[in-house]
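Reviewing the structure listed below.
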Amino acid sequence: MEKELNRWYRKLWETKGCRFIAAKRYDRLDRYSTITIHIMSAYLLCANLIILLPNRHPILSNENLNFFSICASIILLVVSLHIPSRKYNELSHKFHSCAREINLLYDKVCYWKNNIDIVENKDILKLINDYNLILHNYDINHSKYDYHIFKIENSTEYKFNFKFFFSIKTYFANFFMYYLIYFLALICPIAIFVILMNI
């Protein structure tokens, strides 16, 4: 019985931790995507103001600026429609609610570990049923990067051969998978503008 409790203790601890990390990730994605749309809108307005600059480079002619403005408006419209369809905020709430429900089971197992004599087989069976019901109600799963970040944040509980390199690899992969597109959307227009102004 003690071995089974330890297994469930570990499983629930890891799962709830990963779900909380996933909730934070989706909350961040929701904020970053909203900020990106706002800043891209500001870039578009600023691009239209370039027409007022005297002695512009030929590449910044009225025709080119109008063409750029129309293309950028279409891209912004597509992005503005696409991002809400990803439902980052809703997913964040789902992961957080799932983690909170799993945390209730985790607290129960913590209590049982300290009072092992009161635990019966039917309690474990009910725990299994409750856990599977939670997973069924929340048809979502955290990513392997959420699990890797959880391991890094709780590194004293895990054995790492090269913790520093594992951390760098994990955070870089996480950034590349989820945040690079927003970074590029914010940096590229400025870089292009600077290049054009120095031609």
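The way I read the labels, and the way they are meant: chains A, B, ... in the order of the structure tokens, residue 1 as the first residue of every chain, and ligand 1 as the first ligand shown, with later ones counted on from there.
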
Inset, instruction - For Lys94 of chain A, please output as a count of residues only all residues within 9 Å (counting only C-alpha atoms; exclusion window: fewer than 6 positions along the same chain). - result: 3

Inset, instruction - Write out as a VMD selection string the residues lying within 7 Å of Ala99 of chain A, counting only C-alpha atoms and excluding same-chain residues fewer than 4 positions away. - result: chain A and resid 16 19 to 20 95 103

Legend entry - Shortest interatomic distance to Tyr43 of chain A - which of A:Leu196, A:Leu133, A:Ile190, A:Leu105, counting only C-alpha atoms: A:Ile190

Legend entry - Selected residue, from A:Lys169, A:Lys108, A:His142, A:His57, that lies nearest to Leu127 of chain A when counting only C-alpha atoms: A:Lys108

Legend entry - Contacts of Lys113 of chain A within 10 Å, only C-alpha atoms, excl. fewer than 3 positions in-chain, as a ChimeraX atom specification: /A:1-2,5-6,9,107-110,116-119

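Distance check against Tyr179 of chain A using only C-alpha atoms: of A:Arg31, A:His136, A:Lys3, A:Lys11, the minimum falls on A:Arg31.
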
Legend entry - Shortest interatomic distance to Ala42 of chain A - which of A:Ser73, A:Phe172, A:Tyr182, A:Lys122, counting only C-alpha atoms: A:Ser73

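Nearest-residue note for Asp130 of chain A: choosing from A:Asn114, A:Leu91, A:Ile152, A:Leu104, the minimum distance belongs to A:Leu104, counting only C-alpha atoms.
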